[in-house]
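What follows is the content of coords.pdb (PDB, C-alpha atoms).
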MODEL        1
ATOM      1  CA  MET A   1       0.000   0.000   0.000
ATOM      2  CA  THR A   2       2.688   2.436   1.063
ATOM      3  CA  ARG A   3       6.020   2.167   2.853
ATOM      4  CA  GLU A   4       5.441   5.444   4.642
ATOM      5  CA  ARG A   5       3.133   5.224   7.640
ATOM      6  CA  TRP A   6      -0.300   6.508   6.697
ATOM      7  CA  THR A   7      -1.853   8.917   9.205
ATOM      8  CA  ASP A   8      -5.100  10.855   9.244
ATOM      9  CA  ASP A   9      -3.137  13.957   8.219
ATOM     10  CA  ARG A  10      -3.198  12.464   4.719
ATOM     11  CA  ILE A  11      -6.995  12.414   4.476
ATOM     12  CA  PRO A  12      -8.066  14.444   1.407
ATOM     13  CA  ASP A  13     -10.222  17.539   1.870
ATOM     14  CA  GLN A  14     -13.715  16.417   2.888
ATOM     15  CA  ASN A  15     -15.505  19.754   2.520
ATOM     16  CA  GLY A  16     -18.894  19.317   0.855
ATOM     17  CA  ARG A  17     -19.150  15.664   1.919
ATOM     18  CA  THR A  18     -21.607  14.177   4.397
ATOM     19  CA  ALA A  19     -20.789  11.058   6.398
ATOM     20  CA  VAL A  20     -22.826   8.875   8.749
ATOM     21  CA  VAL A  21     -20.762   7.057  11.385
ATOM     22  CA  THR A  22     -22.512   4.536  13.609
ATOM     23  CA  GLY A  23     -21.316   4.136  17.182
ATOM     24  CA  ALA A  24     -19.627   7.534  16.970
ATOM     25  CA  ASN A  25     -19.739   8.491  20.641
ATOM     26  CA  SER A  26     -16.652   6.479  21.704
ATOM     27  CA  GLY A  27     -13.737   4.355  20.566
ATOM     28  CA  VAL A  28     -12.996   3.854  16.886
ATOM     29  CA  GLY A  29     -16.290   5.475  15.873
ATOM     30  CA  LEU A  30     -15.501   8.687  17.732
ATOM     31  CA  ALA A  31     -11.959   8.765  16.357
ATOM     32  CA  THR A  32     -13.350   8.257  12.841
ATOM     33  CA  ALA A  33     -15.939  11.029  13.242
ATOM     34  CA  ARG A  34     -13.339  13.376  14.709
ATOM     35  CA  ALA A  35     -10.900  12.892  11.816
ATOM     36  CA  LEU A  36     -13.587  13.286   9.143
ATOM     37  CA  ALA A  37     -14.876  16.464  10.804
ATOM     38  CA  ARG A  38     -11.349  17.858  11.133
ATOM     39  CA  HIS A  39     -10.968  17.531   7.374
ATOM     40  CA  GLY A  40     -14.217  19.333   6.630
ATOM     41  CA  ALA A  41     -16.934  16.673   6.370
ATOM     42  CA  ARG A  42     -20.361  17.134   7.885
ATOM     43  CA  VAL A  43     -20.625  14.130  10.176
ATOM     44  CA  VAL A  44     -23.783  12.532  11.511
ATOM     45  CA  LEU A  45     -23.006  10.823  14.811
ATOM     46  CA  ALA A  46     -25.436   7.893  14.889
ATOM     47  CA  VAL A  47     -25.576   6.832  18.535
ATOM     48  CA  ARG A  48     -27.701   4.753  20.874
ATOM     49  CA  ASP A  49     -27.142   7.170  23.803
ATOM     50  CA  VAL A  50     -27.912  10.686  22.577
ATOM     51  CA  ASP A  51     -26.512  12.386  25.696
ATOM     52  CA  ARG A  52     -23.172  10.659  25.220
ATOM     53  CA  GLY A  53     -23.314  11.519  21.543
ATOM     54  CA  ARG A  54     -23.823  15.186  22.330
ATOM     55  CA  ARG A  55     -20.902  15.157  24.741
ATOM     56  CA  ALA A  56     -18.753  13.536  22.057
ATOM     57  CA  ALA A  57     -19.828  16.177  19.532
ATOM     58  CA  ALA A  58     -19.096  18.939  22.031
ATOM     59  CA  GLY A  59     -15.597  17.548  22.525
ATOM     60  CA  ILE A  60     -14.939  17.564  18.774
ATOM     61  CA  THR A  61     -16.330  21.082  18.422
ATOM     62  CA  ALA A  62     -14.188  22.338  21.311
ATOM     63  CA  GLU A  63     -11.118  21.032  19.503
ATOM     64  CA  PHE A  64     -12.241  22.096  16.023
ATOM     65  CA  PRO A  65     -14.686  25.023  16.342
ATOM     66  CA  GLY A  66     -15.695  24.834  12.684
ATOM     67  CA  ALA A  67     -16.744  21.185  12.876
ATOM     68  CA  ARG A  68     -20.165  20.451  11.372
ATOM     69  CA  LEU A  69     -21.824  17.730  13.411
ATOM     70  CA  ASP A  70     -25.302  16.296  13.876
ATOM     71  CA  VAL A  71     -26.280  13.814  16.580
ATOM     72  CA  HIS A  72     -29.073  11.339  15.833
ATOM     73  CA  HIS A  73     -30.450   8.452  17.845
ATOM     74  CA  LEU A  74     -29.879   4.990  16.368
ATOM     75  CA  ASP A  75     -30.281   1.654  18.139
ATOM     76  CA  LEU A  76     -29.053  -0.900  15.626
ATOM     77  CA  ALA A  77     -30.514  -3.749  17.658
ATOM     78  CA  ASP A  78     -34.011  -2.366  16.992
ATOM     79  CA  LEU A  79     -35.132  -2.446  13.366
ATOM     80  CA  ASP A  80     -37.832   0.128  14.114
ATOM     81  CA  SER A  81     -35.115   2.501  15.305
ATOM     82  CA  VAL A  82     -33.077   1.810  12.157
ATOM     83  CA  ARG A  83     -36.055   2.705   9.979
ATOM     84  CA  ALA A  84     -36.797   5.859  11.977
ATOM     85  CA  PHE A  85     -33.165   6.968  11.713
ATOM     86  CA  ALA A  86     -33.075   6.336   7.967
ATOM     87  CA  ASP A  87     -36.358   8.224   7.506
ATOM     88  CA  GLY A  88     -34.861  11.208   9.325
ATOM     89  CA  ILE A  89     -31.715  11.173   7.216
ATOM     90  CA  ARG A  90     -33.669  10.868   3.973
ATOM     91  CA  ALA A  91     -36.044  13.663   4.957
ATOM     92  CA  GLY A  92     -33.258  16.182   5.482
ATOM     93  CA  ARG A  93     -30.782  15.324   2.728
ATOM     94  CA  GLN A  94     -30.651  14.797  -1.008
ATOM     95  CA  ARG A  95     -27.419  12.811  -0.919
ATOM     96  CA  LEU A  96     -24.979  10.982   1.304
ATOM     97  CA  ASP A  97     -21.314  10.454   0.522
ATOM     98  CA  LEU A  98     -20.111   8.021   3.167
ATOM     99  CA  LEU A  99     -21.634   5.433   5.489
ATOM    100  CA  VAL A 100     -19.344   3.884   8.099
ATOM    101  CA  ASN A 101     -20.956   0.774   9.608
ATOM    102  CA  ASN A 102     -18.895   0.750  12.786
ATOM    103  CA  ALA A 103     -21.050   0.224  15.893
ATOM    104  CA  GLY A 104     -21.077  -3.105  17.641
ATOM    105  CA  VAL A 105     -21.556  -5.104  20.805
ATOM    106  CA  MET A 106     -19.262  -7.859  22.026
ATOM    107  CA  ALA A 107     -19.869 -11.075  23.930
ATOM    108  CA  PRO A 108     -22.953 -10.437  26.079
ATOM    109  CA  PRO A 109     -24.931 -13.290  27.609
ATOM    110  CA  ARG A 110     -27.510 -14.631  25.173
ATOM    111  CA  THR A 111     -30.046 -11.858  24.663
ATOM    112  CA  LEU A 112     -32.781 -11.431  22.066
ATOM    113  CA  ASN A 113     -33.826  -8.072  20.664
ATOM    114  CA  GLY A 114     -37.411  -6.915  20.224
ATOM    115  CA  GLN A 115     -37.695  -8.743  16.911
ATOM    116  CA  GLY A 116     -36.465 -12.015  18.466
ATOM    117  CA  HIS A 117     -32.921 -12.024  17.049
ATOM    118  CA  GLU A 118     -29.724 -12.631  19.012
ATOM    119  CA  VAL A 119     -28.464  -9.179  19.915
ATOM    120  CA  GLN A 120     -24.922  -9.453  18.503
ATOM    121  CA  PHE A 121     -26.139 -10.688  15.124
ATOM    122  CA  ALA A 122     -28.918  -8.087  15.230
ATOM    123  CA  THR A 123     -26.691  -5.134  16.148
ATOM    124  CA  ASN A 124     -23.486  -5.927  14.335
ATOM    125  CA  HIS A 125     -24.982  -7.330  11.130
ATOM    126  CA  LEU A 126     -28.752  -7.053  10.659
ATOM    127  CA  GLY A 127     -28.989  -3.422  11.780
ATOM    128  CA  HIS A 128     -26.183  -2.372   9.456
ATOM    129  CA  PHE A 129     -27.599  -4.448   6.600
ATOM    130  CA  ALA A 130     -30.957  -2.697   6.961
ATOM    131  CA  LEU A 131     -29.393   0.742   7.397
ATOM    132  CA  THR A 132     -27.289   0.355   4.256
ATOM    133  CA  GLY A 133     -30.273  -0.749   2.208
ATOM    134  CA  LEU A 134     -32.428   2.129   3.437
ATOM    135  CA  LEU A 135     -29.723   4.728   2.692
ATOM    136  CA  LEU A 136     -28.434   3.315  -0.598
ATOM    137  CA  GLY A 137     -30.605   5.667  -2.636
ATOM    138  CA  LEU A 138     -28.938   8.689  -0.995
ATOM    139  CA  LEU A 139     -25.497   7.156  -1.460
ATOM    140  CA  ASP A 140     -26.214   6.692  -5.165
ATOM    141  CA  GLN A 141     -26.434  10.489  -5.388
ATOM    142  CA  GLY A 142     -23.199  11.044  -3.469
ATOM    143  CA  ASP A 143     -19.784  12.235  -4.550
ATOM    144  CA  ASN A 144     -17.393   9.265  -4.690
ATOM    145  CA  PRO A 145     -19.732   7.414  -2.308
ATOM    146  CA  ARG A 146     -18.594   4.528  -0.147
ATOM    147  CA  VAL A 147     -19.969   2.091   2.387
ATOM    148  CA  VAL A 148     -17.269   1.025   4.835
ATOM    149  CA  THR A 149     -18.291  -1.980   6.930
ATOM    150  CA  VAL A 150     -16.119  -2.575   9.971
ATOM    151  CA  SER A 151     -15.349  -6.218  10.686
ATOM    152  CA  SER A 152     -12.714  -7.689  13.016
ATOM    153  CA  PRO A 153      -9.732 -10.049  12.968
ATOM    154  CA  ASN A 154     -12.163 -12.392  14.720
ATOM    155  CA  HIS A 155     -14.052 -12.910  11.471
ATOM    156  CA  ARG A 156     -11.370 -15.496  10.699
ATOM    157  CA  GLN A 157     -12.587 -17.627  13.619
ATOM    158  CA  GLY A 158     -16.247 -17.165  12.747
ATOM    159  CA  ARG A 159     -18.752 -19.640  11.348
ATOM    160  CA  ILE A 160     -22.295 -18.725  10.336
ATOM    161  CA  ASP A 161     -24.725 -21.334  11.631
ATOM    162  CA  PHE A 162     -27.715 -20.674   9.393
ATOM    163  CA  ASP A 163     -29.712 -23.316  11.275
ATOM    164  CA  ASP A 164     -29.154 -21.657  14.659
ATOM    165  CA  LEU A 165     -28.319 -17.990  14.075
ATOM    166  CA  ASP A 166     -29.813 -16.948  17.399
ATOM    167  CA  GLY A 167     -28.056 -19.562  19.515
ATOM    168  CA  ALA A 168     -31.220 -21.285  20.691
ATOM    169  CA  ARG A 169     -29.510 -24.691  20.648
ATOM    170  CA  ALA A 170     -25.978 -23.629  21.535
ATOM    171  CA  TYR A 171     -24.758 -20.157  22.458
ATOM    172  CA  SER A 172     -21.203 -18.936  22.972
ATOM    173  CA  PRO A 173     -20.680 -15.208  23.680
ATOM    174  CA  MET A 174     -17.430 -15.045  21.705
ATOM    175  CA  GLY A 175     -18.534 -17.613  19.136
ATOM    176  CA  HIS A 176     -21.574 -15.529  18.252
ATOM    177  CA  TYR A 177     -19.480 -12.352  18.232
ATOM    178  CA  ASN A 178     -17.164 -14.039  15.727
ATOM    179  CA  GLN A 179     -20.207 -15.091  13.697
ATOM    180  CA  SER A 180     -21.451 -11.508  13.549
ATOM    181  CA  LYS A 181     -18.065 -10.159  12.426
ATOM    182  CA  LEU A 182     -17.839 -12.827   9.731
ATOM    183  CA  ALA A 183     -21.321 -11.745   8.662
ATOM    184  CA  ASN A 184     -20.000  -8.163   8.340
ATOM    185  CA  ALA A 185     -17.292  -9.357   5.969
ATOM    186  CA  VAL A 186     -19.638 -11.587   3.960
ATOM    187  CA  PHE A 187     -22.122  -8.713   3.642
ATOM    188  CA  GLY A 188     -19.550  -6.143   2.539
ATOM    189  CA  LEU A 189     -18.159  -8.429  -0.150
ATOM    190  CA  HIS A 190     -21.555  -9.529  -1.448
ATOM    191  CA  LEU A 191     -22.711  -5.914  -1.550
ATOM    192  CA  HIS A 192     -19.663  -5.217  -3.709
ATOM    193  CA  ARG A 193     -20.644  -8.052  -6.069
ATOM    194  CA  LEU A 194     -24.161  -6.707  -6.480
ATOM    195  CA  LEU A 195     -23.039  -3.095  -6.925
ATOM    196  CA  ALA A 196     -20.647  -4.255  -9.637
ATOM    197  CA  LEU A 197     -23.640  -5.540 -11.632
ATOM    198  CA  THR A 198     -25.173  -2.066 -11.787
ATOM    199  CA  ASP A 199     -24.150   1.441 -12.737
ATOM    200  CA  SER A 200     -24.063   2.467  -9.071
ATOM    201  CA  PRO A 201     -21.087   4.663  -8.154
ATOM    202  CA  VAL A 202     -21.122   3.295  -4.598
ATOM    203  CA  ARG A 203     -18.101   1.304  -3.462
ATOM    204  CA  SER A 204     -18.411  -1.285  -0.701
ATOM    205  CA  VAL A 205     -15.165  -1.577   1.262
ATOM    206  CA  LEU A 206     -14.245  -3.595   4.348
ATOM    207  CA  ALA A 207     -12.000  -2.525   7.207
ATOM    208  CA  HIS A 208     -11.069  -3.642  10.669
ATOM    209  CA  PRO A 209      -9.164  -1.759  13.389
ATOM    210  CA  GLY A 210      -7.082  -4.604  14.794
ATOM    211  CA  PHE A 211      -6.895  -4.898  18.571
ATOM    212  CA  VAL A 212      -8.047  -1.641  20.155
ATOM    213  CA  ALA A 213      -8.472  -0.593  23.764
ATOM    214  CA  SER A 214     -12.119   0.475  23.870
ATOM    215  CA  ASN A 215     -15.369   0.144  25.751
ATOM    216  CA  LEU A 216     -16.266  -2.818  23.518
ATOM    217  CA  GLN A 217     -14.151  -5.202  25.605
ATOM    218  CA  LYS A 218     -14.480  -3.546  29.007
ATOM    219  CA  GLY A 219     -18.222  -3.113  28.575
ATOM    220  CA  THR A 220     -19.082  -6.766  28.062
ATOM    221  CA  PRO A 221     -20.937  -8.289  31.036
ATOM    222  CA  VAL A 222     -19.183 -11.653  30.543
ATOM    223  CA  ALA A 223     -16.460 -11.586  33.201
ATOM    224  CA  THR A 224     -13.966 -13.905  31.495
ATOM    225  CA  VAL A 225     -14.101 -11.963  28.224
ATOM    226  CA  ARG A 226     -13.863  -8.652  30.084
ATOM    227  CA  LEU A 227     -10.861  -9.857  32.077
ATOM    228  CA  LEU A 228      -8.996 -11.248  29.063
ATOM    229  CA  TYR A 229      -9.628  -8.570  26.439
ATOM    230  CA  GLY A 230     -10.388  -5.575  28.625
ATOM    231  CA  TRP A 231      -7.575  -5.942  31.158
ATOM    232  CA  LEU A 232      -4.988  -8.714  30.702
ATOM    233  CA  LEU A 233      -4.379  -8.039  26.992
ATOM    234  CA  ALA A 234      -5.036  -4.296  27.203
ATOM    235  CA  PRO A 235      -1.309  -3.341  27.210
ATOM    236  CA  LEU A 236      -1.036  -4.859  23.727
ATOM    237  CA  ALA A 237      -3.938  -2.832  22.332
ATOM    238  CA  GLN A 238      -3.790   0.211  20.101
ATOM    239  CA  LYS A 239      -5.389   3.519  20.953
ATOM    240  CA  PRO A 240      -8.725   4.143  19.197
ATOM    241  CA  ALA A 241      -7.147   6.846  17.013
ATOM    242  CA  ASP A 242      -4.687   4.283  15.642
ATOM    243  CA  GLY A 243      -7.395   1.660  15.229
ATOM    244  CA  ALA A 244      -9.447   4.140  13.224
ATOM    245  CA  LEU A 245      -6.731   4.553  10.582
ATOM    246  CA  PRO A 246      -7.701   1.511   8.459
ATOM    247  CA  VAL A 247     -11.342   2.667   8.588
ATOM    248  CA  LEU A 248     -10.362   6.183   7.530
ATOM    249  CA  TYR A 249      -8.113   4.858   4.773
ATOM    250  CA  ALA A 250     -10.966   2.733   3.432
ATOM    251  CA  ALA A 251     -13.303   5.718   3.670
ATOM    252  CA  THR A 252     -11.152   8.424   2.086
ATOM    253  CA  GLU A 253      -8.069   7.215   0.236
ATOM    254  CA  PRO A 254      -8.593   7.859  -3.509
ATOM    255  CA  GLY A 255      -7.105   4.561  -4.716
ATOM    256  CA  VAL A 256      -9.304   2.255  -2.666
ATOM    257  CA  ARG A 257     -11.492  -0.029  -4.785
ATOM    258  CA  GLY A 258     -14.737  -1.766  -4.035
ATOM    259  CA  GLY A 259     -14.333  -5.190  -2.467
ATOM    260  CA  GLU A 260     -10.998  -4.403  -0.814
ATOM    261  CA  PHE A 261     -10.275  -5.077   2.861
ATOM    262  CA  VAL A 262      -8.100  -2.638   4.824
ATOM    263  CA  ALA A 263      -6.595  -3.577   8.188
ATOM    264  CA  PRO A 264      -3.495  -2.978  10.310
ATOM    265  CA  GLY A 265      -0.478  -4.304   8.464
ATOM    266  CA  GLY A 266       1.418  -5.622  11.479
ATOM    267  CA  LYS A 267       1.689  -9.151  12.813
ATOM    268  CA  GLY A 268      -1.680 -10.852  13.066
ATOM    269  CA  GLU A 269      -3.347  -7.669  11.758
ATOM    270  CA  LEU A 270      -3.532  -6.498  15.371
ATOM    271  CA  ARG A 271      -1.732  -3.177  14.942
ATOM    272  CA  GLY A 272       0.215  -1.186  12.385
ATOM    273  CA  SER A 273      -0.271   1.117   9.420
ATOM    274  CA  PRO A 274      -3.217   0.443   7.077
ATOM    275  CA  ALA A 275      -2.652  -2.324   4.549
ATOM    276  CA  ARG A 276      -4.768  -4.314   2.129
ATOM    277  CA  VAL A 277      -5.440  -7.801   3.481
ATOM    278  CA  GLU A 278      -7.288 -10.887   2.316
ATOM    279  CA  ALA A 279     -10.567 -11.826   3.942
ATOM    280  CA  ALA A 280     -11.038 -15.321   5.337
ATOM    281  CA  PRO A 281     -12.101 -17.874   2.681
ATOM    282  CA  ARG A 282     -15.500 -18.234   4.364
ATOM    283  CA  ALA A 283     -16.087 -14.515   3.801
ATOM    284  CA  THR A 284     -15.322 -14.670   0.088
ATOM    285  CA  ASP A 285     -17.603 -17.618  -0.695
ATOM    286  CA  ALA A 286     -20.279 -16.356  -3.084
ATOM    287  CA  ALA A 287     -22.817 -19.010  -2.094
ATOM    288  CA  THR A 288     -22.517 -17.968   1.551
ATOM    289  CA  GLY A 289     -22.951 -14.366   0.460
ATOM    290  CA  ARG A 290     -26.155 -15.146  -1.415
ATOM    291  CA  ARG A 291     -27.569 -17.171   1.456
ATOM    292  CA  LEU A 292     -26.773 -14.537   4.086
ATOM    293  CA  TRP A 293     -28.256 -11.832   1.854
ATOM    294  CA  GLU A 294     -31.514 -13.728   1.410
ATOM    295  CA  VAL A 295     -31.767 -14.473   5.142
ATOM    296  CA  SER A 296     -31.005 -10.853   6.005
ATOM    297  CA  GLU A 297     -33.658  -9.516   3.639
ATOM    298  CA  ARG A 298     -36.192 -11.858   5.188
ATOM    299  CA  LEU A 299     -35.267 -11.038   8.792
ATOM    300  CA  THR A 300     -35.130  -7.247   8.278
ATOM    301  CA  GLY A 301     -37.802  -6.768   5.621
ATOM    302  CA  VAL A 302     -35.351  -4.511   3.744
ATOM    303  CA  ARG A 303     -34.737  -5.147   0.062
ATOM    304  CA  PHE A 304     -31.955  -3.310  -1.735
ATOM    305  CA  PRO A 305     -32.560  -1.623  -5.102
ATOM    306  CA  LEU A 306     -30.063  -4.058  -6.638
ATOM    307  CA  PRO A 307     -30.167  -7.279  -8.676
ATOM    308  CA  VAL A 308     -31.542 -10.212  -6.720
ATOM    309  CA  ALA A 309     -29.001 -12.004  -4.562
ATOM    310  CA  GLY A 310     -29.297 -15.213  -6.542
TER     311      GLY A 310
ENDMDL
END

Take the structure from the file and write it as structure tokens.
Amino acid sequence: MTRERWTDDRIPDQNGRTAVVTGANSGVGLATARALARHGARVVLAVRDVDRGRRAAAGITAEFPGARLDVHHLDLADLDSVRAFADGIRAGRQRLDLLVNNAGVMAPPRTLNGQGHEVQFATNHLGHFALTGLLLGLLDQGDNPRVVTVSSPNHRQGRIDFDDLDGARAYSPMGHYNQSKLANAVFGLHLHRLLALTDSPVRSVLAHPGFVASNLQKGTPVATVRLLYGWLLAPLAQKPADGALPVLYAATEPGVRGGEFVAPGGKGELRGSPARVEAAPRATDAATGRRLWEVSERLTGVRFPLPVAG
């Protein structure tokens, strides 16, 4: 990609562009929103906790007084909330240039959302699938528009159990987290395939931040996961600003192409400057992509204005 370390100072001018960043009140999402705003983008902070979102926006504005920020409520685990958010975005804008599907939850005890879906699969995958489909019309009108879906190194350990997506028969907090992050990768790549069949200017790109010290690990209620990832391994983790670099590269670097995957280039993709990486073979399987797409359309009720998945 480049021998020189890529930093967010190299982000091209974003004036005139509008970006939606999910989970933008902390961690990688906040770092992503901050960098985009610093370079001139109008950024919609899509957050579950509006008060925390407003405090995050105030912090960015204090640092960059000219920052253009909007804070909107979005609970990705609730498909009604996803639809309400998308309706609000569509009502106030004619176009959208960037959607960063970043928000996520990690390793809670088995919990079902209001629609009866396991909350990690619902939040990390289904909510973002529905949001992307509902906003694709605005993205089609954007300037160099992109959808960046944030996966994880854990997608390599993931398996999608289509016969037990919600863990009714067997549930593992980390196993279902890995499943949801594999679903992110499968979705982003299949979206790229479908976009390539049309004249859409939208590019679907994948990214992951590596191992980052954030509330994602420390916030999980599962004690063993919290101890391992949130405390014991924390000294090895990157800061959120460093973890955001692959996401920002995928979102802004001119040479990025649809279907590419950007991640830290260091050992194990855990840290380092942004680099193009290969997704796990399970993520690139077209049949898996078609099946996940069909299941996701059925579970969300959202159909994309694209050729049918099959």

Tell me which residues the PyMOL selection byres ((chain A and resi 20-32) around 6) grabs here, as a ChimeraX atom specification. /A:19,33-35,43-47,53,56,99-103,214,240-241,244

Nearest residue to A:His117 out of A:Leu194, A:Ala57, A:Val150, A:Leu299, using only C-alpha atoms? A:Leu299

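The nearest approach to A:Val256 among the residues A:His72, A:Lys181, A:Pro274, A:Thr288, with all atoms listed in the file taken into account, belongs to A:Pro274.
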
At what distance in Å, to one decimal, does atom CA of A:His155 lie from atom CA of A:Ala196? 23.7 Å

For stretch 125-139 of chain A: contacts at 9 Å, all atoms listed in the file, fewer than 6 positions along chain excluded, given as number ranges by chain: A: 22, 75-79, 82-83, 85-87, 89-90, 93-99, 101-104, 145-147, 149, 180-181, 183-184, 187, 201-202, 293, 296-297, 299-305

With a distance cut-off of 10 Å and all atoms listed in the file, select the neighbouring residues of A:Trp6, excluding the residue or stretch itself and same-chain residues fewer than 5 positions from it, and output the selection as a list in words. Met1, Ile11, Leu245, Pro246, Tyr249, Gly272, Ser273, Pro274 and Ala275 of chain A

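Using only C-alpha atoms, the shortest contact distance between A:Asp8 and any of A:Leu306, A:Leu69, A:Val295, A:Ala251 is found at A:Ala251.
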
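Pairwise distance (atom CA of A:Gln157, atom CA of A:Val277) equals 15.8 Å.
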
If the box runs along x, y and z of the file and leaves 5 Å on each side of stretch 245-259 of chain A, what are its centre and edge lengths in Å, one decimal, as lines of an AutoDock Vina configuration file?
center_x = -10.7
center_y = 1.6
center_z = 2.9
size_x = 18.0
size_y = 23.6
size_z = 25.4

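Note that the spacing between atom CA of A:Arg156 and atom CA of A:Thr111 amounts to 23.6 Å.
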
Min atom-atom distance to A:Pro307 from the set A:Asp51, A:Glu118, A:Asp199, A:Glu4, counting only C-alpha atoms, belongs to A:Asp199

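Counting all atoms listed in the file, the residue from A:Ala185, A:Ala207, A:Leu197, A:Ala280 that sits nearest to A:Gly265 is A:Ala207.
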
With the file shown as input, list the residues that the PyMOL selection byres ((chain A and resi 110) around 8) selects, as a PDB file with C-alpha atoms, in the coordinates of the input.
ATOM      1  CA  PRO A 108     -22.953 -10.437  26.079  1.00  0.00           C
ATOM      2  CA  PRO A 109     -24.931 -13.290  27.609  1.00  0.00           C
ATOM      3  CA  THR A 111     -30.046 -11.858  24.663  1.00  0.00           C
ATOM      4  CA  LEU A 112     -32.781 -11.431  22.066  1.00  0.00           C
ATOM      5  CA  GLU A 118     -29.724 -12.631  19.012  1.00  0.00           C
ATOM      6  CA  VAL A 119     -28.464  -9.179  19.915  1.00  0.00           C
ATOM      7  CA  GLY A 167     -28.056 -19.562  19.515  1.00  0.00           C
ATOM      8  CA  TYR A 171     -24.758 -20.157  22.458  1.00  0.00           C
ATOM      9  CA  SER A 172     -21.203 -18.936  22.972  1.00  0.00           C
ATOM     10  CA  PRO A 173     -20.680 -15.208  23.680  1.00  0.00           C
TER      11      PRO A 173
END

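Nearest to A:Ala263 of all the residues A:Arg52, A:His39, A:Arg291, A:Arg276 is A:Arg276, based on all atoms listed in the file.
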
Given the file shown, enumerate the residues that the PyMOL selection byres ((chain A and resi 212) around 8) captures and present them as a VMD selection string. chain A and resid 209 to 211 213 to 214 237 to 240 243
